[in-house]
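Containing TSV, C-alpha atoms: upload.tsv.
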```tsv
chain	number	residue	atom	x	y	z
A	169	MET	CA	0.18	-8.05	5.34
A	170	LYS	CA	1.96	-4.71	5.04
A	171	ILE	CA	1.89	-2.02	7.72
A	172	LEU	CA	3.22	1.54	8.01
A	173	ILE	CA	4.49	2.87	11.34
A	174	VAL	CA	4.74	6.68	11.61
A	175	GLU	CA	6.62	7.32	14.85
A	176	ASP	CA	9.44	9.77	15.65
A	177	GLU	CA	10.66	8.18	18.89
A	178	PRO	CA	13.41	5.75	17.79
A	179	LYS	CA	12.97	3.17	20.57
A	180	THR	CA	9.20	3.03	20.13
A	181	ALA	CA	9.50	2.79	16.34
A	182	ALA	CA	12.08	-0.03	16.59
A	183	PHE	CA	9.98	-1.84	19.22
A	184	VAL	CA	6.82	-1.73	17.10
A	185	GLN	CA	8.66	-2.55	13.87
A	186	ARG	CA	10.30	-5.61	15.42
A	187	GLY	CA	7.04	-6.79	16.93
A	188	PHE	CA	5.08	-6.68	13.68
A	189	ALA	CA	7.97	-8.18	11.70
A	190	GLU	CA	8.02	-11.13	14.10
A	191	GLU	CA	4.29	-11.54	13.48
A	192	GLY	CA	4.91	-11.86	9.74
A	193	PHE	CA	4.12	-8.31	8.61
A	194	VAL	CA	6.14	-6.33	6.09
A	195	VAL	CA	6.87	-3.08	7.96
A	196	ASP	CA	7.79	0.40	6.73
A	197	VAL	CA	8.72	3.15	9.20
A	198	ALA	CA	8.55	6.94	8.80
A	199	THR	CA	9.99	9.21	11.49
A	200	ASP	CA	8.17	12.44	10.67
A	201	GLY	CA	4.76	13.51	9.41
A	202	ALA	CA	5.87	14.57	5.94
A	203	ASP	CA	7.53	11.24	5.13
A	204	GLY	CA	4.64	9.40	6.75
A	205	LEU	CA	2.09	11.11	4.55
A	206	HIS	CA	4.16	10.46	1.43
A	207	LEU	CA	4.38	6.75	2.17
A	208	ALA	CA	0.72	6.56	3.21
A	209	THR	CA	-0.49	8.05	-0.06
A	210	THR	CA	1.93	6.31	-2.42
A	211	GLY	CA	2.25	2.90	-0.77
A	212	ASP	CA	-0.26	0.10	-0.39
A	213	TYR	CA	-0.77	-0.71	3.31
A	214	ASP	CA	-3.22	-2.94	5.11
A	215	ALA	CA	-2.99	-0.66	8.16
A	216	ILE	CA	-1.21	2.49	9.36
A	217	VAL	CA	-0.13	3.13	12.96
A	218	LEU	CA	0.18	6.91	13.28
A	219	ASP	CA	1.66	8.93	16.14
A	220	VAL	CA	0.10	12.34	16.79
A	221	MET	CA	3.06	14.39	18.03
A	222	LEU	CA	5.35	14.34	15.00
A	223	PRO	CA	7.97	16.73	13.56
A	224	GLN	CA	7.31	18.62	10.31
A	225	ARG	CA	3.62	17.70	10.23
A	226	ASP	CA	1.49	16.50	13.15
A	227	GLY	CA	-0.59	13.36	13.08
A	228	TRP	CA	-3.90	15.23	12.97
A	229	SER	CA	-3.07	16.86	9.64
A	230	VAL	CA	-1.53	13.62	8.31
A	231	LEU	CA	-4.74	11.76	9.17
A	232	GLN	CA	-6.84	14.42	7.49
A	233	ALA	CA	-4.75	14.23	4.31
A	234	ILE	CA	-4.89	10.42	4.30
A	235	ARG	CA	-8.68	10.56	4.54
A	236	GLU	CA	-8.82	12.96	1.59
A	237	HIS	CA	-6.74	10.62	-0.58
A	238	ARG	CA	-7.82	7.22	0.77
A	239	PRO	CA	-11.07	7.35	2.76
A	240	ASP	CA	-11.03	3.61	3.54
A	241	GLN	CA	-7.43	3.29	4.72
A	242	PRO	CA	-7.34	1.65	8.19
A	243	VAL	CA	-5.53	3.98	10.64
A	244	ILE	CA	-4.80	3.58	14.35
A	245	LEU	CA	-3.58	6.63	16.29
A	246	LEU	CA	-0.79	5.92	18.78
A	247	THR	CA	-0.09	8.80	21.17
A	248	ALA	CA	0.67	9.97	24.70
A	249	LEU	CA	-2.32	12.35	24.56
A	250	ASP	CA	-4.78	10.49	26.78
A	251	ALA	CA	-7.49	13.08	27.50
A	252	VAL	CA	-11.00	12.13	26.46
A	253	SER	CA	-11.10	15.24	24.26
A	254	HIS	CA	-8.04	14.02	22.35
A	255	ARG	CA	-9.56	10.59	21.82
A	256	VAL	CA	-12.78	12.13	20.58
A	257	LYS	CA	-10.82	14.44	18.27
A	258	GLY	CA	-8.90	11.50	16.81
A	259	LEU	CA	-11.95	9.33	16.22
A	260	THR	CA	-13.94	12.27	14.84
A	261	ALA	CA	-11.07	13.07	12.47
A	262	GLY	CA	-11.37	9.59	10.99
A	263	ALA	CA	-9.12	7.30	13.03
A	264	ASP	CA	-10.39	3.73	13.23
A	265	ASP	CA	-8.90	3.23	16.70
A	266	TYR	CA	-6.86	5.09	19.33
A	267	LEU	CA	-4.21	3.62	21.63
A	268	VAL	CA	-2.52	5.59	24.41
A	269	LYS	CA	1.17	5.33	25.29
A	270	PRO	CA	2.68	3.53	27.14
A	271	PHE	CA	1.20	0.39	25.66
A	272	ALA	CA	1.85	-3.34	25.35
A	273	PHE	CA	2.68	-4.52	21.86
A	274	SER	CA	0.28	-7.42	22.32
A	275	GLU	CA	-2.58	-4.94	22.65
A	276	LEU	CA	-1.51	-2.96	19.57
A	277	HIS	CA	-1.17	-6.17	17.57
A	278	ALA	CA	-4.61	-7.32	18.73
A	279	ARG	CA	-6.17	-3.99	17.78
A	280	VAL	CA	-4.61	-4.09	14.31
A	281	ARG	CA	-5.77	-7.67	13.77
A	282	ASN	CA	-9.25	-6.77	14.97
A	283	LEU	CA	-9.36	-3.78	12.64
A	284	LEU	CA	-8.32	-5.90	9.68
A	285	ARG	CA	-11.00	-8.46	10.52
A	286	ARG	CA	-13.62	-5.73	10.68
A	287	THR	CA	-12.62	-4.24	7.34
A	288	PRO	CA	-12.20	-7.14	4.88
A	289	VAL	CA	-13.73	-5.13	2.03
A	290	ARG	CA	-10.97	-2.52	2.18
A	291	ARG	CA	-8.90	-4.61	-0.21
A	292	ALA	CA	-11.25	-5.60	-2.99
A	293	GLU	CA	-11.18	-9.22	-4.08
A	294	GLU	CA	-11.88	-8.20	-7.68
A	295	LEU	CA	-9.83	-5.60	-9.54
A	296	ASN	CA	-10.81	-4.33	-12.98
A	297	TYR	CA	-9.57	-1.89	-15.57
A	298	ASP	CA	-10.99	-1.70	-19.09
A	299	ASP	CA	-11.25	-5.37	-20.20
A	300	LEU	CA	-8.56	-6.51	-17.75
A	301	GLU	CA	-9.78	-8.38	-14.66
A	302	MET	CA	-8.21	-9.91	-11.57
A	303	ASP	CA	-9.97	-12.19	-9.10
A	304	ARG	CA	-7.79	-12.19	-5.97
A	305	ALA	CA	-9.90	-14.80	-4.19
A	306	ARG	CA	-9.22	-17.33	-6.96
A	307	HIS	CA	-5.79	-15.94	-7.86
A	308	ARG	CA	-6.80	-15.53	-11.50
A	309	ALA	CA	-6.39	-12.86	-14.15
A	310	ALA	CA	-8.08	-12.46	-17.53
A	311	ARG	CA	-8.42	-10.01	-20.37
A	312	SER	CA	-11.49	-9.92	-22.61
A	313	GLY	CA	-12.51	-13.12	-20.87
A	314	GLN	CA	-9.30	-14.92	-21.85
A	315	PRO	CA	-7.34	-16.34	-18.88
A	316	ILE	CA	-3.80	-15.04	-18.39
A	317	ASP	CA	-1.25	-17.40	-16.88
A	318	LEU	CA	0.99	-15.34	-14.60
A	319	ALA	CA	4.05	-16.20	-12.55
A	320	PRO	CA	3.83	-15.08	-8.89
A	321	GLN	CA	5.95	-11.95	-9.42
A	322	GLU	CA	3.99	-11.02	-12.55
A	323	TYR	CA	0.77	-11.44	-10.61
A	324	ARG	CA	1.95	-9.08	-7.84
A	325	LEU	CA	3.12	-6.54	-10.40
A	326	LEU	CA	-0.19	-6.62	-12.26
A	327	GLU	CA	-2.12	-6.35	-8.99
A	328	TYR	CA	-0.18	-3.21	-8.06
A	329	LEU	CA	-0.78	-1.67	-11.48
A	330	LEU	CA	-4.51	-2.44	-11.18
A	331	ARG	CA	-4.62	-0.74	-7.79
A	332	HIS	CA	-3.18	2.44	-9.31
A	333	PRO	CA	-4.67	2.87	-12.81
A	334	GLY	CA	-3.77	6.11	-14.56
A	335	GLU	CA	-1.02	6.80	-12.03
A	336	VAL	CA	2.60	7.03	-13.17
A	337	LEU	CA	4.55	4.51	-11.10
A	338	THR	CA	8.29	5.01	-10.90
A	339	ARG	CA	10.72	2.10	-11.05
A	340	THR	CA	11.76	2.91	-7.48
A	341	ARG	CA	8.19	2.72	-6.24
A	342	LEU	CA	7.52	-0.55	-8.06
A	343	ALA	CA	10.71	-2.08	-6.66
A	344	GLU	CA	9.79	-1.03	-3.13
A	345	GLN	CA	6.12	-2.06	-3.27
A	346	VAL	CA	6.25	-5.19	-5.44
A	347	TRP	CA	9.71	-6.57	-4.65
A	348	ASP	CA	10.07	-4.99	-1.19
A	349	MET	CA	13.60	-3.87	-2.02
A	350	ASN	CA	15.60	-0.69	-2.56
A	351	PHE	CA	15.89	0.10	-6.25
A	352	ASP	CA	19.35	0.06	-7.77
A	353	GLY	CA	19.43	2.43	-10.73
A	354	ASP	CA	21.66	-0.01	-12.62
A	355	SER	CA	19.24	-2.90	-12.13
A	356	ASN	CA	16.80	-3.86	-14.87
A	357	VAL	CA	14.65	-6.18	-12.73
A	358	VAL	CA	11.59	-3.92	-13.02
A	359	ASP	CA	11.93	-3.43	-16.77
A	360	VAL	CA	12.38	-7.16	-17.38
A	361	ALA	CA	9.32	-7.98	-15.31
A	362	VAL	CA	7.21	-5.38	-17.11
A	363	ARG	CA	8.31	-6.72	-20.52
A	364	ARG	CA	7.28	-10.23	-19.51
A	365	LEU	CA	3.95	-9.00	-18.21
A	366	ARG	CA	3.29	-7.07	-21.41
A	367	ARG	CA	3.79	-10.19	-23.51
A	368	LYS	CA	0.87	-11.75	-21.70
A	369	VAL	CA	-1.38	-8.77	-20.99
A	370	ASP	CA	-0.85	-6.56	-24.05
A	371	ASP	CA	0.77	-8.37	-26.99
A	372	PRO	CA	-2.22	-10.62	-27.85
A	373	PHE	CA	-4.63	-7.66	-27.83
A	374	GLU	CA	-5.23	-4.63	-30.03
A	375	HIS	CA	-5.41	-2.02	-27.27
A	376	LYS	CA	-2.30	-1.73	-25.12
A	377	LEU	CA	-2.72	-0.93	-21.43
A	378	ILE	CA	0.81	-0.86	-19.95
A	379	HIS	CA	2.76	2.16	-21.20
A	380	THR	CA	6.30	3.39	-20.58
A	381	ILE	CA	6.87	6.91	-19.30
A	382	ARG	CA	10.38	7.46	-20.58
A	383	GLY	CA	12.89	8.14	-17.83
A	384	VAL	CA	10.27	7.71	-15.10
A	385	GLY	CA	8.41	4.41	-15.04
A	386	TYR	CA	5.10	2.92	-16.15
A	387	VAL	CA	1.38	3.61	-16.20
A	388	LEU	CA	-1.69	1.40	-16.68
A	389	GLU	CA	-4.13	3.23	-18.93
A	390	ARG	CA	-5.98	2.83	-22.20
A	391	ARG	CA	-4.90	5.12	-25.03
A	392	ASP	CA	-7.18	5.10	-28.06
```
This entry written out as structure tokens:
Amino acid sequence: MKILIVEDEPKTAAFVQRGFAEEGFVVDVATDGADGLHLATTGDYDAIVLDVMLPQRDGWSVLQAIREHRPDQPVILLTALDAVSHRVKGLTAGADDYLVKPFAFSELHARVRNLLRRTPVRRAEELNYDDLEMDRARHRAARSGQPIDLAPQEYRLLEYLLRHPGEVLTRTRLAEQVWDMNFDGDSNVVDVAVRRLRRKVDDPFEHKLIHTIRGVGYVLERRD
């Protein structure tokens, strides 16, 4: 599970990050609304914990922008604003839940787990693009009905490409989202992995789906 924490108070952010990491989550943290929105709309998160009172861009506008880009993204608002009117505003704006500070991490963790149980369809079990298919429940991939044998890293890379068809994905973004690491410009780990994936997904077929955007990264799209 991967979660995004958007919180500008350092102690609170560190407290929540440590708590979710100890529970087995991969955790990203943004300390202002602008960075939070960027990560929320370019990353792939099971849930987002979003503070309301943020520098650069407040949580209300971040939530609105998230809903425009990703209507089904699970979001919990975390804020010191405890008036009923604020809670109503948050839920009306599209928040899935609302937790008031100060709070116990155990309650936040329980609310996130409950939200993820309530929204199992948010992350589709089947991903498709053109004649390329992935069945996440069975951990299988196929193209034109022909099974593709993928190593674990290749599987994660292909899954991420299938979640973002037609979108140019930079090497930095792929390294962060697939490998969960900071990208070193001198490293060729992403390029090597893409080459291996192409041998299995593209080489045996007439139409190629994984294309290089020179100097930037890669895109999954059909070009006739």
- Message: Please report the interatomic distance between atom CA of A:Asp370 and atom CA of A:Arg324 in Å with one decimal.
- Response: 16.6 Å
Would you pick out the contacts of stretch 339-346 of chain A at 8 Å or less, using only C-alpha atoms, so that residues sharing its chain but fewer than 6 positions from it are not included, and give the list as a PDB file with C-alpha atoms, keeping the file's coordinate frame?
```pdb
ATOM      1  CA  GLY A 211       2.250   2.900  -0.770  1.00  0.00           C
ATOM      2  CA  ASP A 212      -0.260   0.100  -0.390  1.00  0.00           C
ATOM      3  CA  GLN A 321       5.950 -11.950  -9.420  1.00  0.00           C
ATOM      4  CA  ARG A 324       1.950  -9.080  -7.840  1.00  0.00           C
ATOM      5  CA  LEU A 325       3.120  -6.540 -10.400  1.00  0.00           C
ATOM      6  CA  TYR A 328      -0.180  -3.210  -8.060  1.00  0.00           C
ATOM      7  CA  VAL A 358      11.590  -3.920 -13.020  1.00  0.00           C
ATOM      8  CA  VAL A 384      10.270   7.710 -15.100  1.00  0.00           C
ATOM      9  CA  GLY A 385       8.410   4.410 -15.040  1.00  0.00           C
ATOM     10  CA  TYR A 386       5.100   2.920 -16.150  1.00  0.00           C
TER      11      TYR A 386
END
```
- Message: Quick one: residues within 7 Å of stretch 217-228 of chain A, all atoms listed in the file, excluding same-chain residues fewer than 6 positions away - as a VMD selection string?
- Response: chain A and resid 172 to 176 200 to 202 243 to 247
- Query: Looking at only C-alpha atoms, which of A:Val280, A:Val362, A:Val195, A:Leu377 is the one that sits closest to A:Leu207?
  - Reply: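 Looking at the shortest contact to A:Leu207, the residue is A:Val195.
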- Out of A:Ala261, A:Val357, A:Ala208, A:Leu300, which residue has the shortest atom-to-atom distance to A:Phe373 when counting all atoms listed in the file? A:Leu300
- Task: Could you give me, as a list in words, the residues within 9 Å of A:Arg331, counting only C-alpha atoms and dropping anything in the same chain fewer than 5 positions from it?
- Result: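 Contacts, in chain order: Asp212, Leu295, Asn296 and Leu326 of chain A.
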- Message: To one decimal place in Å, what is the distance between atom CA of A:Ile216 and atom CA of A:Leu231?
- Response: 9.9 Å
- Message: Can you measure atom CA of A:Val197 to atom CA of A:Thr180 for me? One decimal in Å is fine.
- Response: 10.9 Å
- Tell me, as a PyMOL selection string, which residues lie within 12 Å of A:Ile378, counting only C-alpha atoms; anything in the same chain fewer than 4 positions away does not count. chain A and resi 297-298+300+325-326+329-330+332-337+359+362-371+373+385-391
- Task: Return the single residue from A:Gly192, A:Pro242, A:Pro270, A:Gly313 that is closest to A:Met169, with distances computed using only C-alpha atoms.
- Result: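 Among the listed residues, the smallest separation from A:Met169 belongs to A:Gly192.
Comparing A:Ala189, A:Ile381, A:Ala182, A:Ala215 by their smallest distance to A:Arg238, the closest is A:Ala215 (using all atoms listed in the file).
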- Using only C-alpha atoms, which residue out of A:Thr209, A:Arg279, A:Asp240, A:Glu327 lies closest to A:Met302? A:Glu327
Step by step, gather every atom of stretch 267-270 of chain A that the file lists, find the box along x, y and z that holds them, add 8 Å on each side, and finally give centre and edge lengths in Å to one decimal, as lines of an AutoDock Vina configuration file.
```
center_x = -0.8
center_y = 4.6
center_z = 24.4
size_x = 22.9
size_y = 18.1
size_z = 21.5
```
- For A:Arg235, which residue among A:Asp264, A:Glu374, A:Glu322, A:Glu294 is the nearest when counting only C-alpha atoms? A:Asp264
- So which residues touch A:Phe193 within 10 Å, counting only C-alpha atoms, skipping near sequence neighbours fewer than 2 positions away, as a ChimeraX atom specification? /A:169-172,185-191,195-196,214
